file upload11.txt (compact mmCIF, C-alpha atoms and all ligand atoms)
# COMPACT_ATOMS: atom_id res chain seq x y z
CA MET A 19 -80.81 -9.78 34.76
CA ALA A 20 -81.39 -7.07 32.16
CA GLY A 21 -81.15 -3.33 32.76
CA THR A 22 -79.46 -1.36 35.50
CA LEU A 23 -78.86 -3.34 38.66
CA PRO A 24 -79.75 -1.97 42.08
CA ARG A 25 -76.41 -2.72 43.67
CA THR A 26 -73.12 -4.47 43.20
CA GLU A 27 -72.05 -7.13 45.71
CA ARG A 28 -68.48 -6.94 47.02
CA LEU A 29 -67.38 -10.54 47.53
CA SER A 30 -64.43 -11.58 49.65
CA ALA A 31 -61.67 -13.85 48.37
CA ASP A 32 -62.75 -16.89 50.38
CA SER A 33 -64.69 -20.02 49.52
CA ALA A 34 -68.07 -18.34 50.14
CA GLY A 35 -67.13 -15.41 47.89
CA LEU A 36 -65.80 -17.72 45.19
CA ALA A 37 -68.93 -19.88 45.33
CA ARG A 38 -71.18 -16.82 44.96
CA ALA A 39 -69.08 -15.38 42.12
CA GLY A 40 -69.06 -18.73 40.29
CA ALA A 41 -72.82 -19.13 40.70
CA LEU A 42 -73.47 -15.60 39.37
CA LEU A 43 -71.30 -16.28 36.30
CA ALA A 44 -73.01 -19.61 35.67
CA ALA A 45 -76.40 -17.84 35.86
CA GLY A 46 -75.44 -15.27 33.20
CA GLY A 47 -74.36 -12.53 35.62
CA LEU A 48 -71.54 -9.99 35.34
CA VAL A 49 -68.74 -10.47 37.87
CA ALA A 50 -65.56 -8.41 38.04
CA PHE A 51 -62.62 -10.46 39.27
CA PRO A 52 -58.91 -9.94 39.90
CA THR A 53 -56.20 -11.30 37.65
CA GLU A 54 -52.45 -10.71 37.97
CA THR A 55 -52.69 -8.00 35.27
CA VAL A 56 -55.84 -5.92 35.95
CA TYR A 57 -59.40 -6.67 37.10
CA GLY A 58 -61.57 -8.22 34.37
CA LEU A 59 -65.35 -7.92 33.87
CA GLY A 60 -66.41 -11.53 33.39
CA ALA A 61 -69.41 -13.22 31.79
CA ASP A 62 -70.09 -16.74 30.49
CA ALA A 63 -68.48 -16.69 27.02
CA ARG A 64 -71.07 -19.14 25.66
CA ASN A 65 -74.04 -16.98 26.71
CA GLY A 66 -74.68 -14.24 24.14
CA ARG A 67 -76.99 -12.22 26.39
CA ALA A 68 -74.46 -12.27 29.23
CA VAL A 69 -71.68 -11.19 26.85
CA ALA A 70 -73.85 -8.42 25.43
CA ARG A 71 -74.30 -7.09 28.96
CA ILE A 72 -70.51 -6.60 29.22
CA PHE A 73 -70.63 -4.12 26.33
CA ALA A 74 -73.65 -2.34 27.85
CA ALA A 75 -72.09 -2.08 31.34
CA LYS A 76 -68.82 -0.67 29.96
CA GLY A 77 -70.52 1.65 27.46
CA ARG A 78 -68.21 0.08 24.86
CA PRO A 79 -69.17 1.86 21.63
CA ALA A 80 -68.81 -1.14 19.34
CA PHE A 81 -68.66 -4.89 19.65
CA ASN A 82 -64.89 -5.27 19.84
CA PRO A 83 -63.59 -8.77 20.52
CA LEU A 84 -62.99 -9.89 24.10
CA ILE A 85 -60.37 -12.11 25.74
CA VAL A 86 -61.60 -15.55 26.84
CA HIS A 87 -60.21 -16.75 30.19
CA VAL A 88 -59.79 -20.44 30.99
CA PRO A 89 -58.16 -22.29 33.91
CA GLY A 90 -55.57 -24.18 31.85
CA LEU A 91 -54.02 -25.06 28.49
CA GLU A 92 -56.24 -28.14 28.16
CA GLU A 93 -59.40 -25.99 28.26
CA ALA A 94 -57.79 -23.51 25.85
CA ARG A 95 -57.10 -26.27 23.32
CA GLU A 96 -60.80 -27.16 23.31
CA LEU A 97 -61.53 -23.65 22.02
CA ALA A 98 -58.76 -22.91 19.50
CA HIS A 99 -56.17 -24.47 17.18
CA PHE A 100 -52.63 -24.07 18.52
CA ASN A 101 -49.67 -23.91 16.13
CA ASP A 102 -46.19 -24.92 17.36
CA ALA A 103 -45.11 -21.39 18.29
CA ALA A 104 -48.36 -20.78 20.19
CA LEU A 105 -47.91 -24.04 22.06
CA ALA A 106 -44.34 -23.15 23.00
CA LEU A 107 -45.45 -19.74 24.29
CA ALA A 108 -48.38 -21.21 26.23
CA ARG A 109 -46.12 -23.82 27.84
CA ALA A 110 -43.53 -21.20 28.76
CA PHE A 111 -45.81 -18.43 30.08
CA TRP A 112 -49.20 -19.83 31.13
CA PRO A 113 -50.53 -19.27 33.67
CA GLY A 114 -49.41 -15.68 33.19
CA PRO A 115 -49.85 -12.27 31.50
CA LEU A 116 -49.90 -13.52 27.89
CA THR A 117 -52.90 -13.62 25.51
CA LEU A 118 -52.79 -15.67 22.29
CA VAL A 119 -55.05 -14.93 19.30
CA LEU A 120 -55.74 -18.22 17.49
CA PRO A 121 -58.23 -19.76 15.01
CA ILE A 122 -61.47 -20.78 16.75
CA ARG A 123 -62.17 -24.49 16.80
CA LYS A 124 -65.42 -25.54 15.13
CA GLY A 125 -67.98 -26.34 17.79
CA ALA A 126 -66.12 -24.37 20.48
CA GLY A 127 -69.51 -23.05 21.53
CA LEU A 128 -68.42 -19.44 22.10
CA SER A 129 -70.92 -16.65 21.49
CA PRO A 130 -69.96 -14.91 18.21
CA LEU A 131 -70.09 -11.63 20.15
CA VAL A 132 -66.94 -12.70 22.03
CA SER A 133 -64.86 -12.65 18.85
CA ALA A 134 -66.94 -9.92 17.16
CA GLY A 135 -67.67 -12.38 14.38
CA LEU A 136 -63.95 -12.98 13.59
CA ASP A 137 -62.72 -16.54 13.05
CA SER A 138 -60.03 -16.01 15.69
CA VAL A 139 -60.32 -15.87 19.45
CA ALA A 140 -58.08 -14.27 22.09
CA ILE A 141 -57.38 -16.67 24.99
CA ARG A 142 -55.45 -16.55 28.20
CA VAL A 143 -54.84 -18.50 31.41
CA PRO A 144 -54.46 -15.93 34.19
CA GLY A 145 -51.52 -16.19 36.59
CA LEU A 146 -53.48 -15.39 39.76
CA ALA A 147 -54.60 -18.63 41.48
CA LEU A 148 -57.78 -16.93 42.74
CA ALA A 149 -58.79 -16.18 39.14
CA ARG A 150 -58.20 -19.78 38.07
CA ASP A 151 -60.24 -21.01 41.07
CA LEU A 152 -63.11 -18.82 39.93
CA LEU A 153 -62.78 -20.01 36.32
CA ALA A 154 -62.90 -23.63 37.46
CA ARG A 155 -66.09 -22.87 39.42
CA ALA A 156 -67.69 -20.97 36.55
CA GLY A 157 -67.63 -24.27 34.69
CA GLY A 158 -66.82 -22.82 31.27
CA PRO A 159 -64.88 -20.13 29.39
CA VAL A 160 -65.27 -16.60 30.76
CA ALA A 161 -65.10 -13.56 28.47
CA ALA A 162 -63.55 -10.60 30.26
CA PRO A 163 -62.34 -7.20 29.11
CA SER A 164 -60.77 -4.89 31.68
CA ALA A 165 -63.44 -3.89 34.25
CA ASN A 166 -63.51 -0.15 33.50
CA PRO A 167 -66.00 2.07 31.71
CA SER A 168 -64.92 2.35 28.06
CA GLY A 169 -62.04 4.76 27.52
CA ARG A 170 -61.09 4.99 31.19
CA ILE A 171 -58.07 3.64 33.06
CA SER A 172 -57.98 -0.11 33.72
CA PRO A 173 -58.75 -1.09 37.34
CA THR A 174 -56.05 -2.64 39.52
CA CYS A 175 -58.18 -3.01 42.69
CA ALA A 176 -61.84 -3.56 43.65
CA ASP A 177 -62.32 0.11 44.59
CA HIS A 178 -61.37 1.17 41.04
CA VAL A 179 -63.95 -1.29 39.67
CA LEU A 180 -66.70 0.05 41.93
CA ALA A 181 -65.78 3.67 41.20
CA GLY A 182 -66.51 3.02 37.52
CA LEU A 183 -69.16 0.30 37.42
CA GLU A 184 -71.07 0.29 40.76
CA GLY A 185 -74.72 -0.59 40.11
CA ARG A 186 -73.97 -1.73 36.55
CA ILE A 187 -72.53 -5.16 37.39
CA ASP A 188 -73.66 -7.93 39.75
CA ALA A 189 -70.53 -8.34 41.86
CA VAL A 190 -66.83 -7.72 42.27
CA LEU A 191 -64.58 -10.38 43.81
CA ASP A 192 -62.08 -8.46 45.95
CA GLY A 193 -58.66 -10.08 45.69
CA GLY A 194 -56.60 -7.02 46.63
CA PRO A 195 -54.27 -5.15 44.28
CA ALA A 196 -53.39 -6.74 40.90
CA PRO A 197 -49.68 -7.60 41.19
CA VAL A 198 -48.55 -6.92 37.59
CA GLY A 199 -50.72 -3.86 36.97
CA LEU A 200 -50.60 -3.82 33.15
CA GLU A 201 -52.86 -5.73 30.75
CA SER A 202 -51.54 -8.91 29.16
CA THR A 203 -49.17 -8.95 26.20
CA ILE A 204 -51.16 -10.05 23.10
CA ILE A 205 -49.56 -12.20 20.38
CA GLY A 206 -51.37 -13.13 17.14
CA PHE A 207 -50.18 -15.29 14.21
CA ASP A 208 -50.29 -14.37 10.51
CA PRO A 209 -48.97 -17.22 10.58
CA HIS A 210 -45.75 -15.71 12.00
CA PRO A 211 -46.01 -14.37 15.56
CA VAL A 212 -47.14 -10.72 15.67
CA LEU A 213 -47.10 -8.42 18.70
CA LEU A 214 -50.65 -7.03 18.86
CA ARG A 215 -50.25 -5.29 22.23
CA PRO A 216 -47.22 -4.92 24.51
CA GLY A 217 -48.17 -5.75 28.10
CA GLY A 218 -47.32 -7.43 31.37
CA LEU A 219 -45.01 -10.02 29.78
CA ALA A 220 -41.87 -8.33 28.43
CA VAL A 221 -41.45 -8.79 24.66
CA GLU A 222 -37.84 -9.85 25.31
CA GLU A 223 -39.25 -12.94 27.09
CA VAL A 224 -41.40 -13.80 24.08
CA THR A 225 -38.38 -13.37 21.80
CA ARG A 226 -36.32 -15.69 23.99
CA VAL A 227 -38.84 -18.54 23.55
CA LEU A 228 -39.54 -17.92 19.84
CA GLY A 229 -35.87 -17.50 18.96
CA ALA A 230 -36.73 -14.29 17.06
CA PRO A 231 -38.71 -11.14 17.88
CA PRO A 232 -42.43 -11.17 17.03
CA GLU A 233 -43.34 -9.00 14.04
CA ALA A 234 -44.58 -5.49 14.72
CA HIS A 235 -48.32 -5.02 14.23
CA GLN A 236 -48.99 -3.40 10.82
CA GLY A 237 -51.92 -1.04 11.32
CA GLY A 238 -55.32 -2.60 10.76
CA VAL A 239 -57.89 -2.80 13.49
CA ASN A 240 -57.18 -6.30 14.72
CA ALA A 241 -56.57 -5.11 18.25
CA PRO A 242 -58.77 -2.03 18.43
CA GLY A 243 -57.66 -1.34 22.00
CA GLN A 244 -54.38 -0.47 20.30
CA LEU A 245 -55.58 2.71 18.63
CA GLY A 246 -55.85 6.32 19.69
CA SER A 247 -56.76 7.76 23.04
CA HIS A 248 -57.30 5.19 25.78
CA TYR A 249 -56.61 4.68 29.49
CA ALA A 250 -57.20 8.38 29.86
CA PRO A 251 -57.36 10.54 33.00
CA ALA A 252 -59.33 13.78 32.53
CA ALA A 253 -56.23 15.99 32.97
CA PRO A 254 -53.87 16.69 30.05
CA MET A 255 -50.59 14.77 30.20
CA ARG A 256 -47.06 15.54 29.00
CA LEU A 257 -44.50 12.71 28.72
CA ASN A 258 -40.69 12.45 28.97
CA VAL A 259 -40.53 15.49 31.20
CA GLN A 260 -37.22 16.21 32.96
CA VAL A 261 -38.36 19.45 34.61
CA PRO A 262 -42.09 20.09 35.13
CA ARG A 263 -43.62 23.48 34.37
CA PRO A 264 -45.25 25.56 37.11
CA GLY A 265 -48.74 24.22 37.84
CA GLU A 266 -47.98 20.72 36.59
CA ARG A 267 -48.21 17.68 38.85
CA LEU A 268 -45.28 15.31 38.45
CA LEU A 269 -45.70 11.56 38.05
CA GLY A 270 -42.12 10.57 38.73
CA PHE A 271 -39.94 7.59 37.90
CA GLY A 272 -36.61 7.03 39.60
CA PRO A 273 -34.90 9.67 41.72
CA VAL A 274 -36.52 13.01 40.90
CA SER A 275 -34.69 16.29 41.31
CA GLY A 276 -35.50 19.86 40.34
CA PRO A 277 -37.91 22.49 41.61
CA VAL A 278 -40.88 20.17 42.20
CA GLU A 279 -41.03 17.07 44.34
CA ALA A 280 -42.78 14.21 42.53
CA VAL A 281 -46.47 14.30 43.50
CA LEU A 282 -46.47 10.54 43.03
CA ASN A 283 -43.57 8.30 42.04
CA LEU A 284 -44.04 5.11 40.00
CA SER A 285 -40.80 3.72 41.44
CA PRO A 286 -38.35 5.92 43.37
CA THR A 287 -35.62 3.33 42.73
CA GLY A 288 -36.38 3.13 38.97
CA ASN A 289 -37.69 -0.46 39.06
CA LEU A 290 -39.91 -1.19 36.01
CA GLU A 291 -41.91 -4.02 37.64
CA GLU A 292 -42.78 -1.75 40.54
CA ALA A 293 -43.66 1.07 38.12
CA ALA A 294 -45.97 -1.24 36.14
CA ALA A 295 -47.75 -2.35 39.31
CA ASN A 296 -48.25 1.30 40.37
CA LEU A 297 -49.11 2.83 36.97
CA PHE A 298 -52.91 2.64 36.82
CA GLY A 299 -53.36 3.17 40.59
CA HIS A 300 -51.31 6.37 40.44
CA LEU A 301 -53.20 7.57 37.34
CA HIS A 302 -56.50 6.89 39.15
CA ARG A 303 -55.29 8.88 42.17
CA LEU A 304 -54.13 11.82 40.05
CA ASP A 305 -57.43 11.71 38.15
CA ARG A 306 -59.47 11.83 41.36
CA ALA A 307 -57.29 14.55 42.90
CA GLY A 308 -58.00 17.23 40.28
CA ASP A 309 -57.53 18.37 36.71
CA ALA A 310 -54.16 20.19 36.83
CA PRO A 311 -51.91 18.96 34.00
CA ILE A 312 -49.73 15.93 34.67
CA ALA A 313 -46.04 15.72 33.69
CA VAL A 314 -44.44 12.27 33.56
CA SER A 315 -40.73 11.50 34.02
CA PRO A 316 -38.91 9.66 31.21
CA ILE A 317 -39.22 5.86 31.38
CA PRO A 318 -36.77 3.55 29.58
CA GLU A 319 -38.14 1.79 26.47
CA ALA A 320 -37.09 -1.73 27.51
CA GLY A 321 -38.71 -4.68 29.29
CA LEU A 322 -41.99 -3.63 30.91
CA GLY A 323 -41.04 -0.02 30.11
CA ARG A 324 -42.34 -0.58 26.57
CA ALA A 325 -45.83 -1.42 27.80
CA ILE A 326 -45.74 1.37 30.39
CA ASN A 327 -44.80 3.91 27.68
CA ASP A 328 -47.48 2.46 25.36
CA ARG A 329 -50.17 3.06 28.00
CA LEU A 330 -48.79 6.53 28.83
CA ARG A 331 -48.80 7.56 25.14
CA ARG A 332 -52.46 6.50 24.93
CA ALA A 333 -53.31 8.38 28.13
CA ALA A 334 -51.63 11.49 26.71
CA ALA A 335 -53.11 11.20 23.19
CA PRO A 336 -55.62 13.88 22.15
CA ARG A 337 -59.09 12.66 23.12
CA GLY A 338 -60.98 11.09 20.26
CA SER A 339 -57.83 10.50 18.22
CA GLY A 340 -57.64 7.36 16.12
CA ALA A 341 -60.45 4.88 16.50
CA PRO A 342 -63.09 5.34 19.19
CA ALA A 343 -61.67 4.53 22.60
CA VAL A 344 -62.41 0.95 23.47
CA GLY A 345 -61.50 -1.61 26.09
O1 LIG B 401 -54.76 -8.50 31.00
C1 LIG B 401 -55.71 -8.50 30.21
O2 LIG B 401 -55.59 -8.86 29.04
C2 LIG B 401 -57.07 -8.07 30.76
C3 LIG B 401 -57.48 -9.06 31.83
C4 LIG B 401 -58.86 -8.82 32.36
O3 LIG B 401 -57.36 -10.39 31.34
N1 LIG B 401 -58.05 -7.99 29.71
C5 LIG B 401 -58.03 -6.99 28.77
O4 LIG B 401 -59.09 -7.05 27.88
O5 LIG B 401 -57.18 -6.14 28.72
P1 LIG B 401 -59.52 -5.82 26.93
O6 LIG B 401 -60.84 -6.15 26.34
O7 LIG B 401 -59.47 -4.54 27.68
O8 LIG B 401 -58.49 -5.88 25.77
C6 LIG B 401 -58.58 -6.96 24.85
C7 LIG B 401 -57.79 -6.66 23.61
C8 LIG B 401 -58.47 -5.63 22.75
O9 LIG B 401 -57.49 -4.74 22.27
C9 LIG B 401 -59.07 -6.48 21.63
O10 LIG B 401 -59.23 -5.76 20.47
C10 LIG B 401 -58.04 -7.59 21.52
O11 LIG B 401 -57.72 -7.88 22.84
N2 LIG B 401 -58.63 -8.81 20.90
C11 LIG B 401 -59.56 -9.62 21.42
N3 LIG B 401 -59.90 -10.60 20.57
C12 LIG B 401 -59.16 -10.42 19.46
C13 LIG B 401 -59.04 -11.09 18.20
N4 LIG B 401 -59.79 -12.16 17.90
N5 LIG B 401 -58.16 -10.60 17.32
C14 LIG B 401 -57.40 -9.52 17.61
N6 LIG B 401 -57.47 -8.83 18.78
C15 LIG B 401 -58.33 -9.26 19.69
MG MG B 402 -59.30 -2.58 28.41

call {"tool": "encode", "arguments": {"input": "upload11.txt", "output": "structure tokens"}}
result
Amino acid sequence: MAGTLPRTERLSADSAGLARAGALLAAGGLVAFPTETVYGLGADARNGRAVARIFAAKGRPAFNPLIVHVPGLEEARELAHFNDAALALARAFWPGPLTLVLPIRKGAGLSPLVSAGLDSVAIRVPGLALARDLLARAGGPVAAPSANPSGRISPTCADHVLAGLEGRIDAVLDGGPAPVGLESTIIGFDPHPVLLRPGGLAVEEVTRVLGAPPEAHQGGVNAPGQLGSHYAPAAPMRLNVQVPRPGERLLGFGPVSGPVEAVLNLSPTGNLEEAAANLFGHLHRLDRAGDAPIAVSPIPEAGLGRAINDRLRRAAAPRGSGAPAVG
């Protein structure tokens, strides 16, 4: 299965499609699959050659660690040591858009490429039942970064996956649009809980279960997807714009007034869940539609708004800023 593949199968979300996707994963293939957050590019996490193909297909410039996906907490505990806070979070939010970074258990059997040689591993149990069905059929842990070429916007539907990776992966399981639309929230432990990436689970929810907010991430390169330009459309972007300039396309949020109608609106009613679900799809559409600059309406820095603003700041960052774009 080495080298460029002649074509990518589009599999339907039925038992035949699931069986095919599971068999491809078990045989060391690369299968993109839906989760509630974004589509992931999956490979058997115990098979080093299969995992290496993920990096090649994405053009990921370095071996950055990947998230391991399992069907349940029981399988997760076979791979990593859970502290009390991690267990409380897993019980509250799994299956769901939360990733925990924990010490790898000896004998877990994961390829060292998955964790980039670190002694910790990022794990999650996806909220979408279709994803858990596939994981159960794969018969083992599945490593999966977002299914986009490195540095591009994360895919929230099968068409996005094919637009970026057609011919470079074996198959995509088409489960329709990803309902959350933002990557998972990542929490690590130092040993106190640390927010490594805001995402599809609001930090306020994490705080409610922990009884205190997670610490802010202090620099370092623990979550390299955190740094610099990322999730980038080709067009320049300006954020927190009340009134767009002539020639700019407006990505709106909430009721938009002024000289220009919103070209696309993340949520005309100002609903953050709806905006999160629309974010990457709208960025993909603006990216495909041309290279005129994009102006984005202000979005409140609360709940899922934090993760939305995080992704927008990355999309607007000067290209090549910070660490090389990854993810
Ligand atoms: O929602 C999601 O999380 C999606 C879906 C497919 O599950 N996956 C995803 O994966 O966003 P990716 O590779 O695009 O982002 C994974 C992030 C990266 O920023 C990586 O650096 C961080 O997780 N990460 C992985 N393992 C880590 C570890 N051992 N320590 C610290 N950060 C880690
Ligand atoms: Mg990514």

call {"tool": "residues_near_ligand", "arguments": {"input": "upload11.txt", "ligand": "ligand LIG 401 (chain B)", "cutoff": "8 Å", "atoms": "only C-alpha atoms and all ligand atoms", "output": "short mmCIF file (atom, residue, chain, number, x, y, z; two decimals) with C-alpha atoms, keeping the file's coordinate frame"}}
result
data_model
loop_
_atom_site.label_atom_id
_atom_site.label_comp_id
_atom_site.auth_asym_id
_atom_site.auth_seq_id
_atom_site.Cartn_x
_atom_site.Cartn_y
_atom_site.Cartn_z
CA PRO A 52 -58.91 -9.94 39.90
CA THR A 53 -56.20 -11.30 37.65
CA GLU A 54 -52.45 -10.71 37.97
CA THR A 55 -52.69 -8.00 35.27
CA VAL A 56 -55.84 -5.92 35.95
CA TYR A 57 -59.40 -6.67 37.10
CA GLY A 58 -61.57 -8.22 34.37
CA LEU A 59 -65.35 -7.92 33.87
CA ASN A 82 -64.89 -5.27 19.84
CA PRO A 83 -63.59 -8.77 20.52
CA LEU A 84 -62.99 -9.89 24.10
CA ILE A 85 -60.37 -12.11 25.74
CA HIS A 87 -60.21 -16.75 30.19
CA PRO A 115 -49.85 -12.27 31.50
CA LEU A 116 -49.90 -13.52 27.89
CA THR A 117 -52.90 -13.62 25.51
CA VAL A 119 -55.05 -14.93 19.30
CA LEU A 120 -55.74 -18.22 17.49
CA VAL A 132 -66.94 -12.70 22.03
CA SER A 133 -64.86 -12.65 18.85
CA ALA A 134 -66.94 -9.92 17.16
CA LEU A 136 -63.95 -12.98 13.59
CA ASP A 137 -62.72 -16.54 13.05
CA SER A 138 -60.03 -16.01 15.69
CA VAL A 139 -60.32 -15.87 19.45
CA ALA A 140 -58.08 -14.27 22.09
CA ILE A 141 -57.38 -16.67 24.99
CA ARG A 142 -55.45 -16.55 28.20
CA PRO A 144 -54.46 -15.93 34.19
CA ALA A 162 -63.55 -10.60 30.26
CA PRO A 163 -62.34 -7.20 29.11
CA SER A 164 -60.77 -4.89 31.68
CA ALA A 165 -63.44 -3.89 34.25
CA SER A 172 -57.98 -0.11 33.72
CA LEU A 200 -50.60 -3.82 33.15
CA GLU A 201 -52.86 -5.73 30.75
CA SER A 202 -51.54 -8.91 29.16
CA THR A 203 -49.17 -8.95 26.20
CA ILE A 204 -51.16 -10.05 23.10
CA GLY A 206 -51.37 -13.13 17.14
CA LEU A 214 -50.65 -7.03 18.86
CA ARG A 215 -50.25 -5.29 22.23
CA GLY A 217 -48.17 -5.75 28.10
CA GLY A 218 -47.32 -7.43 31.37
CA VAL A 239 -57.89 -2.80 13.49
CA ASN A 240 -57.18 -6.30 14.72
CA ALA A 241 -56.57 -5.11 18.25
CA PRO A 242 -58.77 -2.03 18.43
CA GLY A 243 -57.66 -1.34 22.00
CA GLN A 244 -54.38 -0.47 20.30
CA VAL A 344 -62.41 0.95 23.47
CA GLY A 345 -61.50 -1.61 26.09
#

call {"tool": "closest_residue", "arguments": {"input": "upload11.txt", "among": "A:Arg170, A:Lys124, A:Arg263, A:Arg155", "to": "ligand MG 402 (chain B)", "atoms": "only C-alpha atoms and all ligand atoms"}}
result
A:Arg170

call {"tool": "closest_residue", "arguments": {"input": "upload11.txt", "among": "A:Ala250, A:Leu153, A:Ala307, A:Ala126", "to": "Ser168 of chain A", "atoms": "only C-alpha atoms"}}
result
A:Ala250

call {"tool": "closest_residue", "arguments": {"input": "upload11.txt", "among": "A:Ala41, A:Ile171, A:Leu228, A:Val259", "to": "ligand MG 402 (chain B)", "atoms": "all atoms listed in the file"}}
result
A:Ile171

call {"tool": "residues_around", "arguments": {"input": "upload11.txt", "residues": "segment 71-81 of chain A", "least_positions_apart": "3", "cutoff": "7 Å", "atoms": "all atoms listed in the file", "output": "list in words"}}
result
Arg67, Ala68, Leu131, Ala134, Asn166, Pro167, Ser168, Arg186, Ile187 and Val344 of chain A

call {"tool": "closest_residue", "arguments": {"input": "upload11.txt", "among": "A:Ala335, A:Leu297, A:Ala230, A:Leu284", "to": "Ser315 of chain A", "atoms": "all atoms listed in the file"}}
result
A:Leu284

call {"tool": "atom_distance", "arguments": {"input": "upload11.txt", "atom1": "atom CA of Asn327 of chain A", "atom2": "atom CA of Asn283 of chain A"}}
result
15.1 Å

call {"tool": "closest_residue", "arguments": {"input": "upload11.txt", "among": "A:Gly90, A:Pro121, A:Gly194, A:Pro232", "to": "Val212 of chain A", "atoms": "all atoms listed in the file"}}
result
A:Pro232

call {"tool": "atom_distance", "arguments": {"input": "upload11.txt", "atom1": "atom CA of Gly40 of chain A", "atom2": "atom CA of Ala61 of chain A"}}
result
10.1 Å

call {"tool": "residues_around", "arguments": {"input": "upload11.txt", "residues": "Gly321 of chain A", "least_positions_apart": "4", "cutoff": "9 Å", "atoms": "only C-alpha atoms", "output": "PDB file with C-alpha atoms, in the coordinates of the input"}}
result
ATOM      1  CA  LEU A 219     -45.010 -10.020  29.780  1.00  0.00           C
ATOM      2  CA  ALA A 220     -41.870  -8.330  28.430  1.00  0.00           C
ATOM      3  CA  VAL A 221     -41.450  -8.790  24.660  1.00  0.00           C
ATOM      4  CA  GLU A 222     -37.840  -9.850  25.310  1.00  0.00           C
ATOM      5  CA  GLU A 223     -39.250 -12.940  27.090  1.00  0.00           C
ATOM      6  CA  LEU A 290     -39.910  -1.190  36.010  1.00  0.00           C
ATOM      7  CA  GLU A 291     -41.910  -4.020  37.640  1.00  0.00           C
ATOM      8  CA  ALA A 325     -45.830  -1.420  27.800  1.00  0.00           C
TER       9      ALA A 325
END

call {"tool": "closest_residue", "arguments": {"input": "upload11.txt", "among": "A:Gly46, A:Pro173, A:Gly145, A:Pro113", "to": "ligand MG 402 (chain B)", "atoms": "all atoms listed in the file"}}
result
A:Pro173

call {"tool": "atom_distance", "arguments": {"input": "upload11.txt", "atom1": "atom CA of Cys175 of chain A", "atom2": "atom CA of Ala110 of chain A"}}
result
27.2 Å

call {"tool": "residues_around", "arguments": {"input": "upload11.txt", "residues": "Ala44 of chain A", "least_positions_apart": "2", "cutoff": "12 Å", "atoms": "only C-alpha atoms", "output": "mmCIF file with C-alpha atoms, in the frame of the given file"}}
result
data_model
loop_
_atom_site.group_PDB
_atom_site.id
_atom_site.type_symbol
_atom_site.label_atom_id
_atom_site.label_comp_id
_atom_site.auth_asym_id
_atom_site.auth_seq_id
_atom_site.Cartn_x
_atom_site.Cartn_y
_atom_site.Cartn_z
ATOM 1 C CA ALA A 37 -68.930 -19.880 45.330
ATOM 2 C CA ARG A 38 -71.180 -16.820 44.960
ATOM 3 C CA ALA A 39 -69.080 -15.380 42.120
ATOM 4 C CA GLY A 40 -69.060 -18.730 40.290
ATOM 5 C CA ALA A 41 -72.820 -19.130 40.700
ATOM 6 C CA LEU A 42 -73.470 -15.600 39.370
ATOM 7 C CA GLY A 46 -75.440 -15.270 33.200
ATOM 8 C CA GLY A 47 -74.360 -12.530 35.620
ATOM 9 C CA LEU A 48 -71.540 -9.990 35.340
ATOM 10 C CA VAL A 49 -68.740 -10.470 37.870
ATOM 11 C CA GLY A 60 -66.410 -11.530 33.390
ATOM 12 C CA ALA A 61 -69.410 -13.220 31.790
ATOM 13 C CA ASP A 62 -70.090 -16.740 30.490
ATOM 14 C CA ALA A 63 -68.480 -16.690 27.020
ATOM 15 C CA ARG A 64 -71.070 -19.140 25.660
ATOM 16 C CA ASN A 65 -74.040 -16.980 26.710
ATOM 17 C CA ALA A 68 -74.460 -12.270 29.230
ATOM 18 C CA LEU A 152 -63.110 -18.820 39.930
ATOM 19 C CA LEU A 153 -62.780 -20.010 36.320
ATOM 20 C CA ALA A 154 -62.900 -23.630 37.460
ATOM 21 C CA ARG A 155 -66.090 -22.870 39.420
ATOM 22 C CA ALA A 156 -67.690 -20.970 36.550
ATOM 23 C CA GLY A 157 -67.630 -24.270 34.690
ATOM 24 C CA GLY A 158 -66.820 -22.820 31.270
ATOM 25 C CA PRO A 159 -64.880 -20.130 29.390
ATOM 26 C CA VAL A 160 -65.270 -16.600 30.760
#

call {"tool": "build_atoms", "arguments": {"input": "upload11.txt", "residues": "segment 62-69 of chain A", "atoms": "N, CA and C atoms", "output": "compact mmCIF listing (two decimals), in the frame of the given file"}}
result
# COMPACT_ATOMS: atom_id res chain seq x y z
N ASP A 62 -70.15 -15.44 31.17
CA ASP A 62 -70.09 -16.74 30.49
C ASP A 62 -69.93 -16.51 28.98
N ALA A 63 -68.80 -16.97 28.43
CA ALA A 63 -68.48 -16.69 27.02
C ALA A 63 -69.37 -17.44 26.05
N ARG A 64 -70.17 -18.40 26.54
CA ARG A 64 -71.07 -19.14 25.66
C ARG A 64 -72.47 -18.54 25.63
N ASN A 65 -72.71 -17.56 26.54
CA ASN A 65 -74.04 -16.98 26.71
C ASN A 65 -74.07 -15.59 26.08
N GLY A 66 -74.68 -15.50 24.89
CA GLY A 66 -74.68 -14.24 24.14
C GLY A 66 -75.29 -13.07 24.89
N ARG A 67 -76.36 -13.33 25.64
CA ARG A 67 -76.99 -12.22 26.39
C ARG A 67 -76.08 -11.73 27.49
N ALA A 68 -75.39 -12.66 28.16
CA ALA A 68 -74.46 -12.27 29.23
C ALA A 68 -73.31 -11.46 28.64
N VAL A 69 -72.79 -11.91 27.47
CA VAL A 69 -71.68 -11.19 26.85
C VAL A 69 -72.13 -9.80 26.39
